[in-house]
Structure formats: structure tokens, C-alpha cells
Amino acid sequence: MSPTEQSASSADRPTRAPYQFTTTHWSVVLATRESGGGAAAAALESLCAAYWRPLWECARRMGYKPDEADDAVQGFFEDILERKAITAADPARGRFRTFLLTCFQNFLRNYQKHATREKRGGTAPAISLQAETVDRLELPELAQAAPPEQVYDLHWATTVVERALEVVRTDYASSGRGRLFDALRPVIWGGQLVPLSQIALQLGISVSAVKVAVHRLRERFREALRTEVAHTVSQSSEIEDELRYLITVLSRSDSL
């Protein structure tokens with residue numbers, strides 16, 4: 001058995017931490033609102049970076065030019081980081097993604113693009129569009145008639161998938177299986193038809209070993225995706241509904 005094949009064996013199975021429903025996006029927001037502590041603020045800043053892309057795409061669909069969308073989203077997150085836009089945060093009102101979009105739309109109603117205002121890089125921490133260095137998934141070209149809310153949901157769903165894939169990639173790379181992940185990545189998400197025999201030849205292992213590795217990688221990805229979705233809801237009973245909604249959003253994107 002080759003070293004690569006050994007890496008796909010049961011002895012090299014991904015280490016799994018027991019699933020815990022603890023810190024969520026909601027709990028980060030509430031902790032920041034209630035305490036304003038440094039750790040909570042740092043977590044909120046990271047959260048803002050994760051949602052930049054969906055909100056930026058939403059602003060673009062609403063007619064903002066790229067630089068205007070930059071300023072609008074940056075201004076919104078500055079407002080959140082200064083704890084102004086989260087004073088009414090209430091997990092009972094619905095999903096976090098919906099809460100954030102509603103806050104953003106309310107912010108834009110009062111946002112004057114042509115008024116004199118502080119540009120990005122003021123007193124609040126600036127968040128870069130490149131803050132999330134994950135492998136971006138290709139998205140279909142959306143119809144011009146698609147409303148901003150659907151554009152936001154599509155990019156939210158894609159971002160969740162991207163973050164889950166990045167978690168798994170890091171997991172595999174840290175245990176010396178980065179090459180295995182890179183080879184199997186096309187068949188895990190995106191529907192790319194890569195023959196298993198081709199992957200087996202590339203890795204120097206048997207087709208049966210590739211099948212086992214694919215099965216385990218898919219399991220690990222589903223686990224990571226579930227964890228990412230769990231961060232966006234207020235209670236564990238909502239996870240399955242949100243997962244179904246995510247899949248629905250991605251599956252209907254071709255018709256947008």
C-alpha cells in the first residue's frame with residue numbers, strides 16, 4: 001500500500017470533535033451588545049468579514065457602483081462595530097442572515113451616497129473585501145430581474161459552503177492530506193464529473209481506496225457544513241430547516 005493510499009485508510013480518518021451547539025452568530029452579536037468586550041468585538045469583526053460579500057452583492061444589485069457598494073457596506077459594518085445597529089438584535093425574530101439583511105436595508109434607507117461623510121478607514125476597524133481568503137465557488141450569471149434579497153441569499157449560501165470547504169481543507173492539510181483533498185475536491189461540491197480512475201492514477205492508489213476517501217471526505221464536509229449553518233441560527237432545532245433552505249437557494253440559482 002502506497003503512502004497516499006495509507007493516508008486514505010481508516011488509520012488516517014479525519015479527527016472529529018463532538019458536535020456542540022454553543023457559539024453562534026447570534027451569541028456573538030448578543031455578547032457584543034451586552035458587554036462590548038474585546039473578545040466579543042473581535043468575533044463580531046470576523047463575522048462582518050464573512051458577510052461582506054453577500055451584502056456587497058446585494059448593494060450592487062440595488063444600483064450601487066462598486067466603490068459605492070464598498071463604502072455602503074463598510075459604513076454599515078462600522079455602525080455595527082460601534083454597537084449602533086445591533087441594539088434591537090433578537091434571535092426570536094428569525095434567522096441571523098435575515099436579521100443582518102434587514103439591518104442593512106434599514107441602514108441604506110438613511111445612507112446618503114452623495115453627502116459629505118467619513119470615508120473608509122475612520123475610527124472603526126476597516127474590513128477588507130479580501131478578509132476571507134477562501135476558494136471562491138463559481139456562480140451563475142444572475143438575471144437582471146433578480147431582486148436584491150435573492151442575490152443576497154445566493155451569496156450567503158455560497159459563502160457558507162465556501163467556509164465549510166475551507167475548514168475541511170485546513171483539516172486535511174494540517175494532517176498531511178492536502179494533496180488528497182485537492183484531488184477529491186472537484187467531486188465533493190460542484191457536480192464536476194472527474195473519473196475516479198483518473199483520481200486514482202493521479203494519487204497512485206486503487207479506485208476502491210478513492211471511493212472510500214470520497215465517502216469520508218463527503219462525511220467531513222457535511223459535518224463542517226452543518227456546523228457553519230449552526231452558527232447562523234438561534235437554536236439547534238432550526239439547523240435542518242436552514243440546511244434545506246441553503247440547498248434550495250443553490251439549486252434554484254440557475255433560474256434567477
# chains A, B, ... in the order shown; residues from 1 in each chain; ligands from 1

$ closest_atom_pairs --of "segment 143-171 of chain A" --to "segment 175-189 of chain A" --cutoff "10 Å" --atoms "only C-alpha atoms" --output "JSON lines"
{"residue": "A:Val161", "atom": "CA", "partner": "A:Trp189", "partner_atom": "CA", "distance": 8.8}
{"residue": "A:Glu162", "atom": "CA", "partner": "A:Trp189", "partner_atom": "CA", "distance": 9.9}
{"residue": "A:Leu165", "atom": "CA", "partner": "A:Arg185", "partner_atom": "CA", "distance": 8.7}
{"residue": "A:Val168", "atom": "CA", "partner": "A:Phe181", "partner_atom": "CA", "distance": 8.3}
{"residue": "A:Arg169", "atom": "CA", "partner": "A:Phe181", "partner_atom": "CA", "distance": 6.4}
{"residue": "A:Thr170", "atom": "CA", "partner": "A:Gly178", "partner_atom": "CA", "distance": 7.9}
{"residue": "A:Asp171", "atom": "CA", "partner": "A:Ser175", "partner_atom": "CA", "distance": 6.6}

$ residues_around --residues "Val210 of chain A" --least-positions-apart "3" --cutoff "12 Å" --atoms "only C-alpha atoms" --output "PyMOL selection string"
chain A and resi 4-9+180-181+183-184+187+194-207+213-217

$ write_last_selection --atoms "N, CA and C atoms" --output "CSV table (one decimal), in the first residue's frame"
chain,number,residue,atom,x,y,z
A,4,THR,N,0.2,7.4,0.0
A,4,THR,CA,-1.0,8.1,-0.3
A,4,THR,C,-2.2,7.3,0.0
A,5,GLU,N,-2.1,6.0,-0.3
A,5,GLU,CA,-3.3,5.1,0.0
A,5,GLU,C,-3.4,4.9,1.4
A,6,GLN,N,-2.3,4.9,2.2
A,6,GLN,CA,-2.4,4.8,3.6
A,6,GLN,C,-3.1,6.0,4.2
A,7,SER,N,-2.9,7.2,3.6
A,7,SER,CA,-3.5,8.4,4.1
A,7,SER,C,-5.0,8.4,3.9
A,8,ALA,N,-5.5,7.5,3.0
A,8,ALA,CA,-6.9,7.4,2.8
A,8,ALA,C,-7.5,6.3,3.6
A,9,SER,N,-6.7,5.6,4.4
A,9,SER,CA,-7.2,4.4,5.1
A,9,SER,C,-7.8,4.9,6.4
A,180,LEU,N,-4.5,14.9,-1.1
A,180,LEU,CA,-5.7,14.1,-1.2
A,180,LEU,C,-7.0,15.0,-1.3
A,181,PHE,N,-7.1,16.0,-0.5
A,181,PHE,CA,-8.2,16.9,-0.6
A,181,PHE,C,-8.3,17.6,-1.9
A,183,ALA,N,-7.2,16.7,-4.7
A,183,ALA,CA,-7.6,15.7,-5.8
A,183,ALA,C,-9.1,15.4,-5.7
A,184,LEU,N,-9.6,15.3,-4.5
A,184,LEU,CA,-11.0,14.9,-4.4
A,184,LEU,C,-12.0,16.1,-4.4
A,187,VAL,N,-15.1,16.5,-6.9
A,187,VAL,CA,-16.2,15.6,-6.8
A,187,VAL,C,-17.0,15.8,-5.5
A,194,VAL,N,-15.4,14.0,-12.6
A,194,VAL,CA,-14.0,13.6,-12.7
A,194,VAL,C,-14.0,12.1,-12.5
A,195,PRO,N,-13.5,11.3,-13.4
A,195,PRO,CA,-13.5,9.8,-13.3
A,195,PRO,C,-12.6,9.4,-12.1
A,196,LEU,N,-13.2,8.5,-11.3
A,196,LEU,CA,-12.4,8.1,-10.1
A,196,LEU,C,-11.1,7.4,-10.5
A,197,SER,N,-11.1,6.8,-11.7
A,197,SER,CA,-9.9,6.1,-12.2
A,197,SER,C,-8.8,7.1,-12.4
A,198,GLN,N,-9.2,8.3,-12.9
A,198,GLN,CA,-8.3,9.4,-13.1
A,198,GLN,C,-7.7,9.9,-11.8
A,199,ILE,N,-8.5,10.0,-10.8
A,199,ILE,CA,-8.0,10.4,-9.5
A,199,ILE,C,-7.1,9.4,-8.9
A,200,ALA,N,-7.5,8.1,-9.1
A,200,ALA,CA,-6.6,7.0,-8.6
A,200,ALA,C,-5.3,7.0,-9.2
A,201,LEU,N,-5.2,7.3,-10.5
A,201,LEU,CA,-4.0,7.3,-11.2
A,201,LEU,C,-3.1,8.5,-10.7
A,202,GLN,N,-3.8,9.6,-10.5
A,202,GLN,CA,-3.1,10.8,-10.0
A,202,GLN,C,-2.5,10.6,-8.7
A,203,LEU,N,-3.2,9.9,-7.8
A,203,LEU,CA,-2.7,9.7,-6.4
A,203,LEU,C,-1.9,8.5,-6.3
A,204,GLY,N,-1.9,7.6,-7.2
A,204,GLY,CA,-1.2,6.4,-7.2
A,204,GLY,C,-1.8,5.4,-6.2
A,205,ILE,N,-3.1,5.3,-6.2
A,205,ILE,CA,-3.9,4.4,-5.3
A,205,ILE,C,-4.9,3.7,-6.1
A,206,SER,N,-5.6,2.7,-5.5
A,206,SER,CA,-6.6,2.0,-6.2
A,206,SER,C,-7.9,2.8,-6.2
A,207,VAL,N,-8.8,2.4,-7.2
A,207,VAL,CA,-10.1,3.0,-7.3
A,207,VAL,C,-10.9,2.8,-6.0
A,213,ALA,N,-12.1,7.2,0.3
A,213,ALA,CA,-11.7,8.5,0.6
A,213,ALA,C,-12.8,9.6,0.3
A,214,VAL,N,-13.4,9.4,-0.9
A,214,VAL,CA,-14.5,10.3,-1.3
A,214,VAL,C,-15.6,10.2,-0.2
A,215,HIS,N,-16.0,9.0,0.2
A,215,HIS,CA,-17.1,8.9,1.2
A,215,HIS,C,-16.7,9.6,2.5
A,216,ARG,N,-15.5,9.4,2.9
A,216,ARG,CA,-15.1,10.1,4.2
A,216,ARG,C,-15.0,11.6,4.1
A,217,LEU,N,-14.5,12.1,2.9
A,217,LEU,CA,-14.5,13.5,2.7
A,217,LEU,C,-15.8,14.1,2.6

$ closest_residue --among "A:Asp71, A:Glu228, A:Glu45, A:Glu219" --to "Val29 of chain A" --atoms "only C-alpha atoms"
A:Glu45

$ atom_distance --atom1 "atom CA of Arg60 of chain A" --atom2 "atom CA of Arg244 of chain A"
26.7 Å

$ select_by_dssp --residues "segment 132-254 of chain A" --states "alpha helix (DSSP H)" --output "NGL selection string"
:A and (148-174 or 178-188 or 196-203 or 207-230 or 239-251)
